[in-house]
>>> print(open('work.cif').read())   # mmCIF, C-alpha atoms and all ligand atoms
data_structure
#
loop_
_atom_site.label_atom_id
_atom_site.label_comp_id
_atom_site.auth_asym_id
_atom_site.auth_seq_id
_atom_site.Cartn_x
_atom_site.Cartn_y
_atom_site.Cartn_z
CA MET A 153 -1.49 12.71 37.23
CA LEU A 154 -2.36 10.57 34.27
CA SER A 155 0.71 8.60 33.36
CA LEU A 156 2.00 8.36 29.83
CA PHE A 157 1.27 4.65 30.04
CA LYS A 158 -2.41 5.32 30.65
CA LEU A 159 -2.56 7.79 27.82
CA VAL A 160 -0.94 5.31 25.47
CA THR A 161 -3.37 2.63 26.66
CA LEU A 162 -6.31 4.92 26.06
CA LEU A 163 -5.11 5.60 22.54
CA ALA A 164 -4.52 1.90 21.97
CA LEU A 165 -8.01 1.02 23.14
CA THR A 166 -9.58 3.38 20.69
CA THR A 167 -7.50 2.05 17.81
CA PRO A 168 -9.03 -1.03 16.24
CA SER A 169 -6.81 -4.06 16.12
CA PHE A 170 -6.92 -4.20 12.33
CA ALA A 171 -5.48 -0.74 11.60
CA GLY A 172 -2.50 -1.50 9.42
CA SER A 173 -2.98 -5.18 10.17
CA SER A 174 -5.06 -6.00 7.15
CA CYS A 175 -4.38 -5.88 3.44
CA ILE A 176 -5.96 -6.24 0.04
CA ALA A 177 -4.53 -8.05 -2.96
CA PHE A 178 -5.65 -9.52 -6.25
CA ASP A 179 -5.01 -13.12 -7.20
CA ALA A 180 -3.82 -14.00 -10.72
CA SER A 181 -7.44 -14.21 -11.96
CA MET A 182 -8.04 -10.67 -10.69
CA ASN A 183 -10.27 -11.76 -7.82
CA LEU A 184 -10.11 -9.20 -5.00
CA LEU A 185 -8.94 -10.65 -1.68
CA LEU A 186 -9.26 -8.93 1.69
CA PHE A 187 -7.13 -10.36 4.47
CA ASN A 188 -8.04 -9.71 8.09
CA GLY A 189 -11.03 -7.53 7.36
CA ASN A 190 -13.14 -6.23 10.22
CA GLN A 191 -14.14 -9.18 12.43
CA GLY A 192 -10.75 -10.69 11.62
CA LYS A 193 -11.69 -12.78 8.61
CA ASP A 194 -10.40 -13.19 5.07
CA TYR A 195 -12.60 -12.79 2.00
CA ASN A 196 -12.59 -13.39 -1.74
CA ALA A 197 -14.79 -10.76 -3.41
CA GLY A 198 -14.35 -12.19 -6.91
CA THR A 199 -13.96 -9.97 -9.97
CA SER A 200 -15.20 -6.38 -10.18
CA ASP A 201 -18.42 -7.24 -12.02
CA THR A 202 -19.66 -8.83 -8.76
CA TRP A 203 -18.69 -6.11 -6.27
CA ALA A 204 -21.83 -3.94 -6.39
CA SER A 205 -24.01 -6.29 -4.37
CA GLY A 206 -24.12 -9.64 -2.61
CA THR A 207 -21.59 -10.99 -0.17
CA ALA A 208 -17.92 -11.83 -0.57
CA LYS A 209 -16.91 -15.41 0.15
CA ASP A 210 -15.34 -16.11 3.55
CA ILE A 211 -12.02 -17.84 2.85
CA THR A 212 -10.69 -17.76 6.42
CA THR A 213 -8.79 -20.97 7.00
CA THR A 214 -6.09 -22.57 9.10
CA GLY A 215 -2.47 -21.58 8.86
CA ARG A 216 -3.18 -17.91 8.28
CA PRO A 217 -0.95 -15.42 10.09
CA PRO A 218 -2.20 -13.82 13.33
CA PHE A 219 -2.27 -10.44 11.53
CA ASN A 220 -1.01 -8.68 14.64
CA GLY A 221 1.71 -6.57 13.04
CA SER A 222 0.85 -2.94 12.35
CA ASN A 223 2.34 -2.71 8.86
CA VAL A 224 1.12 -5.72 6.89
CA LYS A 225 2.17 -5.79 3.23
CA CYS A 226 0.76 -8.09 0.55
CA TYR A 227 2.15 -8.86 -2.90
CA LEU A 228 0.88 -10.96 -5.80
CA ALA A 229 3.33 -13.36 -7.44
CA GLN A 230 1.34 -13.40 -10.66
CA PHE A 231 3.04 -16.40 -12.30
CA PHE A 232 2.43 -18.58 -9.23
CA ASN A 233 -0.96 -17.25 -8.15
CA ALA A 234 0.44 -16.76 -4.66
CA ILE A 235 0.09 -13.85 -2.24
CA TYR A 236 3.10 -13.09 -0.06
CA VAL A 237 2.07 -11.55 3.26
CA LEU A 238 4.79 -9.70 5.16
CA GLY A 239 4.73 -8.24 8.67
CA ALA A 240 1.65 -10.15 9.81
CA ASP A 241 3.13 -11.95 12.83
CA THR A 242 5.06 -9.98 15.44
CA ALA A 243 6.42 -13.19 16.96
CA ASN A 244 8.08 -14.04 13.62
CA ALA A 245 8.60 -10.54 12.30
CA ASN A 246 10.67 -11.52 9.26
CA ASP A 247 8.59 -14.51 8.18
CA ILE A 248 6.43 -14.43 5.10
CA TYR A 249 3.07 -16.18 5.06
CA ILE A 250 2.23 -17.51 1.62
CA TYR A 251 -1.38 -17.79 0.50
CA ASP A 252 -1.71 -20.21 -2.40
CA ALA A 253 -4.74 -18.66 -4.05
CA GLY A 254 -5.28 -21.69 -6.28
CA ALA A 255 -5.36 -24.13 -3.38
CA SER A 256 -6.77 -21.64 -0.81
CA SER A 257 -4.10 -22.71 1.68
CA TRP A 258 -1.49 -21.04 3.84
CA SER A 259 2.09 -21.83 4.74
CA GLN A 260 4.75 -20.00 6.73
CA GLN A 261 8.12 -19.35 5.10
CA HIS A 262 10.95 -18.75 7.54
CA ILE A 263 13.02 -15.70 6.60
CA THR A 264 16.31 -14.47 8.03
CA ALA A 265 17.66 -10.95 7.75
CA PRO A 266 20.91 -9.16 8.43
CA SER A 267 20.91 -6.75 11.36
CA GLY A 268 20.56 -3.69 9.14
CA PHE A 269 17.11 -4.79 7.98
CA ASP A 270 14.31 -3.58 10.25
CA PRO A 271 11.21 -5.74 9.67
CA THR A 272 9.06 -3.09 11.33
CA ASN A 273 10.34 -0.25 9.18
CA PHE A 274 10.86 -0.84 5.48
CA GLN A 275 9.15 -0.46 2.14
CA ALA A 276 9.32 -3.01 -0.65
CA ILE A 277 8.13 -4.13 -4.04
CA LEU A 278 7.90 -7.60 -5.61
CA ASP A 279 9.63 -7.70 -9.00
CA HIS A 280 7.19 -9.22 -11.46
CA ASP A 281 9.59 -11.27 -13.59
CA THR A 282 12.27 -12.42 -11.17
CA ASN A 283 9.93 -12.89 -8.17
CA VAL A 284 12.48 -11.12 -6.00
CA ILE A 285 11.32 -8.72 -3.30
CA TYR A 286 13.37 -5.53 -3.04
CA GLY A 287 13.22 -3.54 0.16
CA LEU A 288 14.59 -0.26 1.43
CA SER A 289 15.26 -0.10 5.16
CA GLY A 290 17.38 2.49 6.92
CA GLY A 291 18.84 3.75 3.63
CA GLU A 292 20.07 0.28 2.66
CA THR A 293 18.63 -1.87 -0.13
CA PHE A 294 17.87 -5.55 0.44
CA SER A 295 16.66 -8.35 -1.81
CA LEU A 296 14.81 -11.57 -1.05
CA ASP A 297 14.46 -14.24 -3.73
CA MET A 298 11.09 -15.99 -3.52
CA GLY A 299 12.01 -18.42 -6.30
CA GLU A 300 8.88 -20.12 -7.59
CA LEU A 301 7.23 -20.50 -4.24
CA LYS A 302 3.52 -20.85 -3.77
CA ALA A 303 4.06 -22.77 -0.55
CA ALA A 304 6.82 -22.54 2.03
CA GLN A 305 9.98 -24.58 1.58
CA SER A 306 11.69 -26.21 4.55
CA SER A 307 14.87 -24.15 4.39
CA SER A 308 14.82 -20.49 5.29
CA ILE A 309 15.40 -17.68 2.80
CA ALA A 310 17.64 -14.72 3.58
CA TRP A 311 17.26 -11.03 2.88
CA LEU A 312 20.54 -10.04 1.18
CA ASP A 313 22.12 -6.65 1.68
CA GLN A 314 22.44 -4.95 -1.72
CA GLY A 315 24.23 -1.86 -0.48
CA VAL A 316 23.43 1.73 0.23
CA ALA A 317 20.65 3.27 -1.85
CA ASN A 318 22.09 5.91 -4.16
CA ILE A 319 19.32 8.41 -3.42
CA THR A 320 18.80 10.74 -0.47
CA THR A 321 17.27 8.58 2.25
CA THR A 322 17.70 10.91 5.23
CA ASN A 323 14.21 12.07 6.28
CA TYR A 324 12.74 9.94 3.50
CA ASN A 325 9.74 7.72 4.20
CA PRO A 326 10.08 5.59 1.06
CA VAL A 327 7.38 5.28 -1.57
CA MET A 328 8.27 2.58 -4.10
CA ALA A 329 6.59 1.11 -7.15
CA ILE A 330 7.59 -1.54 -9.68
CA ALA A 331 7.22 -1.25 -13.46
CA GLN A 332 9.35 -2.59 -16.33
CA ASN A 333 11.73 -4.27 -13.86
CA HIS A 334 12.61 -0.82 -12.60
CA ILE A 335 11.87 0.48 -9.11
CA PHE A 336 10.49 4.02 -9.05
CA PHE A 337 10.89 6.19 -5.94
CA TYR A 338 8.36 8.97 -5.26
CA GLY A 339 8.89 11.97 -3.01
CA VAL A 340 12.67 11.64 -2.70
CA PRO A 341 14.14 14.72 -0.97
CA ASN A 342 15.61 17.31 -3.37
CA ILE A 343 13.97 15.74 -6.44
CA PRO A 344 11.46 18.04 -8.16
CA ALA A 345 7.76 17.26 -8.53
CA GLY A 346 7.10 15.18 -11.62
CA SER A 347 10.42 13.31 -11.49
CA LEU A 348 11.30 9.91 -10.06
CA ASN A 349 14.52 8.21 -9.06
CA ILE A 350 14.96 4.79 -10.65
CA PHE A 351 16.75 1.59 -9.65
CA VAL A 352 17.22 -0.76 -12.62
CA ILE A 353 16.82 -4.20 -11.10
CA HIS A 354 18.49 -6.34 -13.72
CA PHE A 355 21.70 -4.36 -13.63
CA ALA A 356 21.51 -3.37 -9.94
CA PHE A 357 21.99 0.14 -11.26
CA TRP A 358 20.82 3.44 -9.81
CA GLN A 359 20.13 5.84 -12.67
CA PRO A 360 22.26 8.90 -11.90
CA ASP A 361 19.49 11.37 -12.72
CA ALA A 362 15.82 11.32 -11.83
CA GLN A 363 13.55 10.62 -14.82
CA PRO A 364 11.17 13.51 -15.59
CA PHE A 365 7.57 12.65 -16.51
CA THR A 366 5.72 14.99 -18.86
CA GLY A 367 2.07 14.91 -19.90
CA SER A 368 -1.17 16.48 -18.75
CA ALA A 369 -0.38 16.41 -15.05
CA GLN A 370 2.52 16.45 -12.64
CA PHE A 371 2.56 14.45 -9.43
CA PRO A 372 3.67 16.43 -6.38
CA ASP A 373 6.93 15.98 -4.50
CA SER A 374 5.19 14.41 -1.53
CA HIS A 375 4.67 11.25 0.45
CA GLY A 376 1.85 9.02 -0.67
CA GLN A 377 1.05 5.48 -1.75
CA ALA A 378 2.01 3.86 -5.04
CA THR A 379 0.93 0.63 -6.70
CA SER A 380 1.24 -0.77 -10.23
CA PHE A 381 -1.44 -2.06 -12.55
CA PHE A 382 -0.93 -5.62 -13.69
CA LEU A 383 -1.00 -6.65 -17.32
CA ASP A 384 -2.24 -9.99 -18.57
CA SER A 385 1.14 -11.56 -17.89
CA ALA A 386 3.75 -9.00 -18.89
CA VAL A 387 5.62 -6.53 -16.71
CA GLN A 388 3.68 -3.59 -15.34
CA GLU A 389 3.67 -0.33 -17.30
CA ASN A 390 1.39 1.99 -15.32
CA ILE A 391 1.82 3.16 -11.74
CA ALA A 392 -0.88 4.82 -9.63
CA PHE A 393 0.36 7.34 -7.08
CA ILE A 394 -2.00 8.77 -4.47
CA PRO A 395 -0.41 11.60 -2.48
CA ASP A 396 -1.30 11.74 1.20
CA ASP A 397 -3.65 14.69 0.59
CA GLY A 398 -5.71 12.44 -1.71
CA SER A 399 -6.20 15.34 -4.11
CA GLN A 400 -5.89 13.24 -7.23
CA THR A 401 -4.71 9.85 -8.44
CA PHE A 402 -1.68 10.25 -10.68
CA ILE A 403 -1.13 7.61 -13.35
CA SER A 404 2.40 7.45 -14.74
CA ASN A 405 3.22 5.37 -17.79
CA VAL A 406 6.84 4.23 -17.83
CA GLN A 407 6.94 3.61 -21.60
CA THR A 408 6.02 7.14 -22.59
CA ASN A 409 7.17 8.72 -19.30
CA THR A 410 3.96 10.71 -19.08
CA THR A 411 1.51 11.34 -16.27
CA SER A 412 -2.28 11.70 -16.42
CA THR A 413 -4.85 11.84 -13.64
CA MET A 414 -7.85 10.10 -12.19
CA PRO A 415 -10.00 11.40 -9.34
CA GLY A 416 -8.57 11.20 -5.85
CA PRO A 417 -10.19 8.64 -3.56
CA THR A 418 -13.48 9.55 -1.87
CA ILE A 419 -12.01 8.60 1.50
CA VAL A 420 -9.00 10.83 2.11
CA ASP A 421 -6.76 8.76 4.34
CA ALA A 422 -2.97 8.96 4.39
CA SER A 423 -2.96 5.55 6.13
CA ALA A 424 -4.96 3.83 3.41
CA THR A 425 -3.28 1.18 1.28
CA TYR A 426 -3.88 0.44 -2.40
CA PHE A 427 -3.65 -2.51 -4.77
CA ALA A 428 -4.26 -2.52 -8.52
CA SER A 429 -5.38 -5.28 -10.86
CA GLU A 430 -5.41 -4.90 -14.63
CA LYS A 431 -8.45 -2.65 -14.73
CA GLU A 432 -9.19 -1.62 -11.16
CA LEU A 433 -7.49 0.43 -8.47
CA VAL A 434 -8.66 -0.50 -4.96
CA GLN A 435 -8.28 1.39 -1.68
CA LEU A 436 -8.36 -0.18 1.79
CA ALA A 437 -8.98 2.66 4.24
CA SER A 438 -7.97 2.41 7.88
CA SER A 439 -11.65 2.10 8.80
CA GLY A 440 -11.69 -1.17 6.84
CA ALA A 441 -13.74 0.40 4.02
CA VAL A 442 -12.81 -0.94 0.57
CA SER A 443 -13.40 1.30 -2.47
CA TRP A 444 -12.43 1.09 -6.11
CA ILE A 445 -12.22 3.00 -9.36
CA PRO A 446 -12.10 1.48 -12.86
CA PHE A 447 -8.94 2.02 -14.92
CA ASN A 448 -8.58 1.82 -18.69
CA PRO A 449 -4.94 1.50 -19.79
CA SER A 450 -5.67 3.05 -23.18
CA ASP A 451 -8.21 5.79 -22.43
CA THR A 452 -7.04 8.69 -20.30
CA SER A 453 -10.29 10.63 -20.73
CA ALA A 454 -12.31 7.67 -19.43
CA ASN A 455 -9.92 7.54 -16.48
CA SER A 456 -10.22 11.22 -15.64
CA GLY A 457 -14.02 10.86 -15.59
CA ALA A 458 -14.08 7.59 -13.65
CA LYS A 459 -15.77 7.38 -10.22
CA TRP A 460 -14.86 5.71 -6.95
CA SER A 461 -17.40 3.26 -5.50
CA THR A 462 -17.66 1.09 -2.42
CA VAL A 463 -17.03 -2.64 -2.81
CA GLN A 464 -20.49 -3.50 -1.45
CA SER A 465 -19.95 -7.23 -1.30
CA LEU A 466 -17.15 -6.64 1.22
CA ALA A 467 -19.00 -3.89 3.10
CA SER A 468 -21.86 -6.30 3.69
CA VAL A 469 -19.65 -8.92 5.37
CA ALA A 470 -16.92 -6.70 6.86
CA PRO A 471 -18.52 -3.28 7.38
CA PRO A 472 -16.14 -0.40 8.02
CA SER A 473 -15.81 0.82 11.57
CA GLY A 474 -17.10 4.19 12.71
CA GLY A 475 -19.90 6.35 11.42
CA SER A 476 -19.70 9.68 9.79
CA SER A 477 -20.81 13.10 10.84
CA SER A 478 -20.60 16.42 9.12
CA GLY A 479 -17.94 18.93 9.87
CA SER A 480 -16.28 21.54 7.77
CA SER A 481 -12.91 21.45 9.48
CA ALA A 482 -12.20 17.95 8.29
CA GLY A 483 -10.49 19.03 5.09
CA SER A 484 -7.89 21.12 6.84
CA SER A 485 -7.31 18.38 9.39
CA ALA A 486 -6.55 15.90 6.65
CA SER A 487 -4.13 18.15 4.85
CA ALA A 488 -2.33 18.95 8.09
CA SER A 489 -1.84 15.26 8.75
CA GLY A 490 -0.76 14.71 5.16
CA ASN A 491 1.91 17.34 5.40
CA SER A 492 3.23 15.92 8.62
CA VAL A 493 3.88 12.55 7.07
CA LYS A 494 6.38 13.68 4.49
CA GLY A 495 9.36 13.74 6.80
CA GLY A 496 8.68 10.17 7.79
CA ALA A 497 9.03 10.65 11.52
CA THR A 498 5.32 10.99 12.16
CA GLY A 499 4.17 8.53 9.54
CA SER A 500 3.61 5.64 11.89
CA ALA A 501 1.97 7.80 14.53
CA THR A 502 -0.54 8.92 11.95
CA LYS A 503 -1.02 5.33 10.90
CA ALA A 504 -1.83 4.18 14.42
CA ALA A 505 -4.22 7.00 15.10
CA GLY A 506 -5.86 7.05 11.68
CA GLY A 507 -7.81 3.87 12.20
CA SER A 508 -10.15 4.99 14.90
CA SER A 509 -13.40 3.15 15.22
CA THR A 510 -15.05 5.81 17.31
CA PRO A 511 -18.10 7.49 15.84
CA SER A 512 -16.15 10.77 15.68
CA GLY A 513 -13.42 9.09 13.71
CA SER A 514 -14.59 10.34 10.39
CA ALA A 515 -16.42 13.30 9.07
CA THR A 516 -17.54 14.60 5.75
CA GLY A 517 -16.66 17.96 4.39
CA SER A 518 -15.36 19.56 1.26
CA ALA A 519 -11.77 18.70 0.72
CA PRO A 520 -9.43 20.88 -1.23
CA SER A 521 -8.83 19.69 -4.75
CA SER A 522 -5.75 20.67 -6.64
CA SER A 523 -7.73 20.82 -9.86
CA GLY A 524 -10.27 23.06 -8.20
CA SER A 525 -13.05 21.29 -10.07
CA SER A 526 -14.25 18.76 -7.54
CA THR A 527 -17.61 19.42 -6.00
CA ALA A 528 -17.95 16.02 -4.42
CA SER A 529 -18.04 15.89 -0.67
CA ARG A 530 -15.42 13.61 0.71
CA GLU A 531 -15.27 11.43 3.74
CA VAL A 532 -12.17 12.40 5.62
CA VAL A 533 -10.53 10.10 8.08
CA TRP A 534 -8.93 12.04 10.85
CA GLY A 535 -5.32 11.17 11.40
CA SER A 536 -3.25 13.17 13.83
CA GLY A 537 -6.23 15.43 14.51
CA LEU A 538 -8.01 12.50 16.12
CA ALA A 539 -4.95 11.65 18.20
CA LEU A 540 -4.90 15.22 19.44
CA SER A 541 -8.55 15.17 20.35
CA LEU A 542 -8.11 11.89 22.18
CA ALA A 543 -5.15 13.35 24.01
CA GLY A 544 -7.47 16.19 24.99
CA VAL A 545 -10.00 13.69 26.32
CA ALA A 546 -7.26 11.95 28.25
CA LEU A 547 -6.05 15.20 29.79
CA SER A 548 -9.55 16.14 30.78
CA LEU A 549 -9.73 12.91 32.79
CA LEU A 550 -6.87 14.08 35.02
C1 LIG B 601 1.15 -12.18 17.49
O1 LIG B 601 0.75 -13.52 17.32
C2 LIG B 601 1.75 -14.47 17.69
C3 LIG B 601 1.24 -15.85 17.31
O2 LIG B 601 -0.04 -16.07 17.83
C4 LIG B 601 2.04 -14.34 19.18
O3 LIG B 601 3.05 -15.25 19.55
C5 LIG B 601 2.48 -12.89 19.45
O4 LIG B 601 2.67 -12.72 20.84
C6 LIG B 601 1.43 -11.94 18.97
N1 LIG B 601 1.89 -10.57 19.15
C7 LIG B 601 1.17 -9.64 19.76
C8 LIG B 601 1.77 -8.28 19.85
O5 LIG B 601 0.07 -9.88 20.24
C1 LIG B 602 25.69 7.38 -7.15
O1 LIG B 602 25.20 8.32 -8.09
C2 LIG B 602 26.13 9.28 -8.52
C3 LIG B 602 25.43 10.21 -9.48
O2 LIG B 602 24.27 10.73 -8.94
C4 LIG B 602 27.32 8.61 -9.18
O3 LIG B 602 28.29 9.59 -9.50
C5 LIG B 602 27.92 7.57 -8.23
O4 LIG B 602 28.93 6.87 -8.90
C6 LIG B 602 26.85 6.63 -7.75
N1 LIG B 602 27.42 5.72 -6.76
C7 LIG B 602 27.24 4.41 -6.82
C8 LIG B 602 27.85 3.60 -5.72
O5 LIG B 602 26.58 3.87 -7.71
C1 LIG B 603 11.52 6.67 -20.16
O1 LIG B 603 12.35 6.61 -19.02
C2 LIG B 603 13.23 5.49 -19.02
C3 LIG B 603 13.93 5.48 -17.68
O2 LIG B 603 14.70 6.62 -17.48
C4 LIG B 603 14.16 5.59 -20.20
O3 LIG B 603 15.01 4.46 -20.22
C5 LIG B 603 13.35 5.64 -21.48
O4 LIG B 603 14.22 5.83 -22.58
C6 LIG B 603 12.35 6.78 -21.42
N1 LIG B 603 11.46 6.69 -22.58
C7 LIG B 603 11.13 7.77 -23.30
C8 LIG B 603 10.19 7.52 -24.43
O5 LIG B 603 11.54 8.88 -23.03
#
>>> encode(input="work.cif", output="structure tokens")
Amino acid sequence: MLSLFKLVTLLALTTPSFAGSSCIAFDASMNLLLFNGNQGKDYNAGTSDTWASGTAKDITTTGRPPFNGSNVKCYLAQFFNAIYVLGADTANANDIYIYDAGASSWSQQHITAPSGFDPTNFQAILDHDTNVIYGLSGGETFSLDMGELKAAQSSSIAWLDQGVANITTTNYNPVMAIAQNHIFFYGVPNIPAGSLNIFVIHFAFWQPDAQPFTGSAQFPDSHGQATSFFLDSAVQENIAFIPDDGSQTFISNVQTNTTSTMPGPTIVDASATYFASEKELVQLASSGAVSWIPFNPSDTSANSGAKWSTVQSLASVAPPSGGSSSGSSAGSSASASGNSVKGGATGSATKAAGGSSTPSGSATGSAPSSSGSSTASREVVWGSGLALSLAGVALSLL
């Protein structure tokens, strides 16, 4: 009888070490950085005008984290040109590694946390103006003041408990974005599509009612990924939300409270992460593939017609794992895995399985599009479907 341990080992062996252990970020000059890309190195791909060819610069250097956590998060402190890297060292799960993008150097900031904060299970944003990280873990809100740090200080910094979140957090796998010093929560249970709960940072105030967004499109009430576009130096105004089904990219402006759309990513991957600059939205897929789409803050028709492309200069130095093969069932597999993530319980399982490097790990096929207008074929990364097929392989070895 094949033991559960062996099955887990088999799954682990087929999951590349970087799944969830890498991240992308922009520095303050809007250079694209990839940390712990395939082959375990860090890269600076420069600005978007250089991404179509050539090779990104290897910036791997001493003091970097081991990148062995499975849920690495990266944030840009724009005023300090520093990247804060969370969850990248399982031996120091709370610590934050700081990459000083100006000096190209690393330091390790010691962080303490109250028992209610789970460093392996939280979502967070970095507030642009105050440089405070706000996190939601187990239904509780926490804050962490990063001061003006672009290198670690000798004394530790503590996550502070800011009380129970005044939104439904049971069965909620949080999706948070920052704009205008407000935190916006997507996919909160019992909140209709097109509306977001809001926490007003400066007054530590939960708005009693969700804010409706009008406009040409309505984002679904679903789990997904959210990230904010930077402005030259001011607070963010536009949030990109990519639901797990990847059907479209929803852009919400928090001044006008309207939503418009851009195409969904070519690689449909509920485990992908995203980072936006001023004029680009970038996806890091669990295969390690990095793709981007241009964004124009003042031209919604340009945005709706924009196209996703591969960041070639990163693909040439850190090629994505796995090949692709054709298969028409891929679309339904992806949407099944997307649906399963909403409750939160299976989110991490999908994350672990989604990063397969096996040749069967991805397939192309037509994916459903909520607009019904897309004819592009999409590369679909199998999430739970892959885990199931691997489980089948394991069982057949009995
Ligand atoms: C992660 O790296 C740290 C530092 O090298 C090490 O102490 C820890 O055991 C590693 N964790 C895992 C799960 O390999
Ligand atoms: C939570 O929100 C409700 C309205 O939705 C409000 O009545 C209540 O006072 C709030 N509680 C706290 C602690 O802010
Ligand atoms: C947009 O929503 C915010 C947050 O609820 C609100 O303060 C603001 O007045 C709204 N703006 C408009 C133009 O409706």
>>> closest_residue(input="work.cif", among="A:Gly315, A:Pro326, A:Pro341, A:Pro449", to="ligand LIG 602 (chain B)", atoms="only C-alpha atoms and all ligand atoms")
A:Gly315
>>> residues_near_ligand(input="work.cif", ligand="ligand LIG 602 (chain B)", cutoff="9 Å", atoms="only C-alpha atoms and all ligand atoms", output="number ranges by chain")
A: 315-319, 357-362
>>> atom_distance(input="work.cif", atom1="CA of Asp252 (chain A)", atom2="CA of Pro472 (chain A)")
26.6 Å
>>> residues_around(input="work.cif", residues="Ala240 (chain A)", least_positions_apart="4", cutoff="6 Å", atoms="only C-alpha atoms", output="PyMOL selection string")
chain A and resi 217+219-221+224
>>> residues_near_ligand(input="work.cif", ligand="ligand LIG 601 (chain B)", cutoff="7 Å", atoms="only C-alpha atoms and all ligand atoms", output="MDAnalysis selection string")
chainID A and resid 218 220 241:243
>>> write_last_selection(input="work.cif", atoms="C-alpha atoms", output="compact mmCIF listing (two decimals), in the coordinates of the input")
# COMPACT_ATOMS: atom_id res chain seq x y z
CA PRO A 218 -2.20 -13.82 13.33
CA ASN A 220 -1.01 -8.68 14.64
CA ASP A 241 3.13 -11.95 12.83
CA THR A 242 5.06 -9.98 15.44
CA ALA A 243 6.42 -13.19 16.96
>>> residues_near_ligand(input="work.cif", ligand="ligand LIG 603 (chain B)", cutoff="6 Å", atoms="all atoms listed in the file", output="ChimeraX atom specification")
/A:363,406-409
>>> write_last_selection(input="work.cif", atoms="C-alpha atoms", output="compact mmCIF listing (two decimals), in the coordinates of the input")
# COMPACT_ATOMS: atom_id res chain seq x y z
CA GLN A 363 13.55 10.62 -14.82
CA VAL A 406 6.84 4.23 -17.83
CA GLN A 407 6.94 3.61 -21.60
CA THR A 408 6.02 7.14 -22.59
CA ASN A 409 7.17 8.72 -19.30
>>> residues_around(input="work.cif", residues="region 414-416 of chain A", least_positions_apart="3", cutoff="7 Å", atoms="only C-alpha atoms", output="ChimeraX atom specification")
/A:398-402,455-456,458
>>> write_last_selection(input="work.cif", atoms="C-alpha atoms", output="short mmCIF file (atom, residue, chain, number, x, y, z; two decimals), keeping the file's coordinate frame")
data_model
loop_
_atom_site.label_atom_id
_atom_site.label_comp_id
_atom_site.auth_asym_id
_atom_site.auth_seq_id
_atom_site.Cartn_x
_atom_site.Cartn_y
_atom_site.Cartn_z
CA GLY A 398 -5.71 12.44 -1.71
CA SER A 399 -6.20 15.34 -4.11
CA GLN A 400 -5.89 13.24 -7.23
CA THR A 401 -4.71 9.85 -8.44
CA PHE A 402 -1.68 10.25 -10.68
CA ASN A 455 -9.92 7.54 -16.48
CA SER A 456 -10.22 11.22 -15.64
CA ALA A 458 -14.08 7.59 -13.65
#
>>> residues_around(input="work.cif", residues="Gly268 (chain A)", least_positions_apart="4", cutoff="12 Å", atoms="only C-alpha atoms", output="ChimeraX atom specification")
/A:264,272-274,287-294,311-316
>>> residues_around(input="work.cif", residues="Ala345 (chain A)", least_positions_apart="5", cutoff="10 Å", atoms="all atoms listed in the file", output="number ranges by chain")
A: 338-340, 364-365, 370-374
>>> closest_residue(input="work.cif", among="A:Ala369, A:Ala197, A:Ile263, A:Ala454", to="Ser412 (chain A)", atoms="all atoms listed in the file")
A:Ala369
>>> residues_around(input="work.cif", residues="Asn233 (chain A)", least_positions_apart="4", cutoff="8 Å", atoms="all atoms listed in the file", output="MDAnalysis selection string")
chainID A and resid 179:180 228:229 252:254 302
>>> atom_distance(input="work.cif", atom1="CA of Phe393 (chain A)", atom2="CA of Thr411 (chain A)")
10.1 Å
>>> atom_distance(input="work.cif", atom1="CA of Met328 (chain A)", atom2="CA of Gln305 (chain A)")
27.8 Å
>>> axis_aligned_box(input="work.cif", around="region 221-232 of chain A", padding_each_side="6 Å", output="lines of an AutoDock Vina configuration file")
center_x = 2.0
center_y = -10.6
center_z = 0.4
size_x = 14.6
size_y = 27.9
size_z = 37.3
>>> closest_residue(input="work.cif", among="A:His354, A:Lys459, A:Lys209, A:His280", to="Asp194 (chain A)", atoms="all atoms listed in the file")
A:Lys209
>>> closest_residue(input="work.cif", among="A:Ala441, A:Ile394, A:Ala331, A:Val352", to="Phe382 (chain A)", atoms="all atoms listed in the file")
A:Ala331
>>> residues_near_point(input="work.cif", point="(1.8, -17.0, -0.5)", cutoff="12 Å", atoms="all atoms listed in the file", output="PyMOL selection string")
chain A and resi 177+179+215-217+225-238+247-261+283+298-305
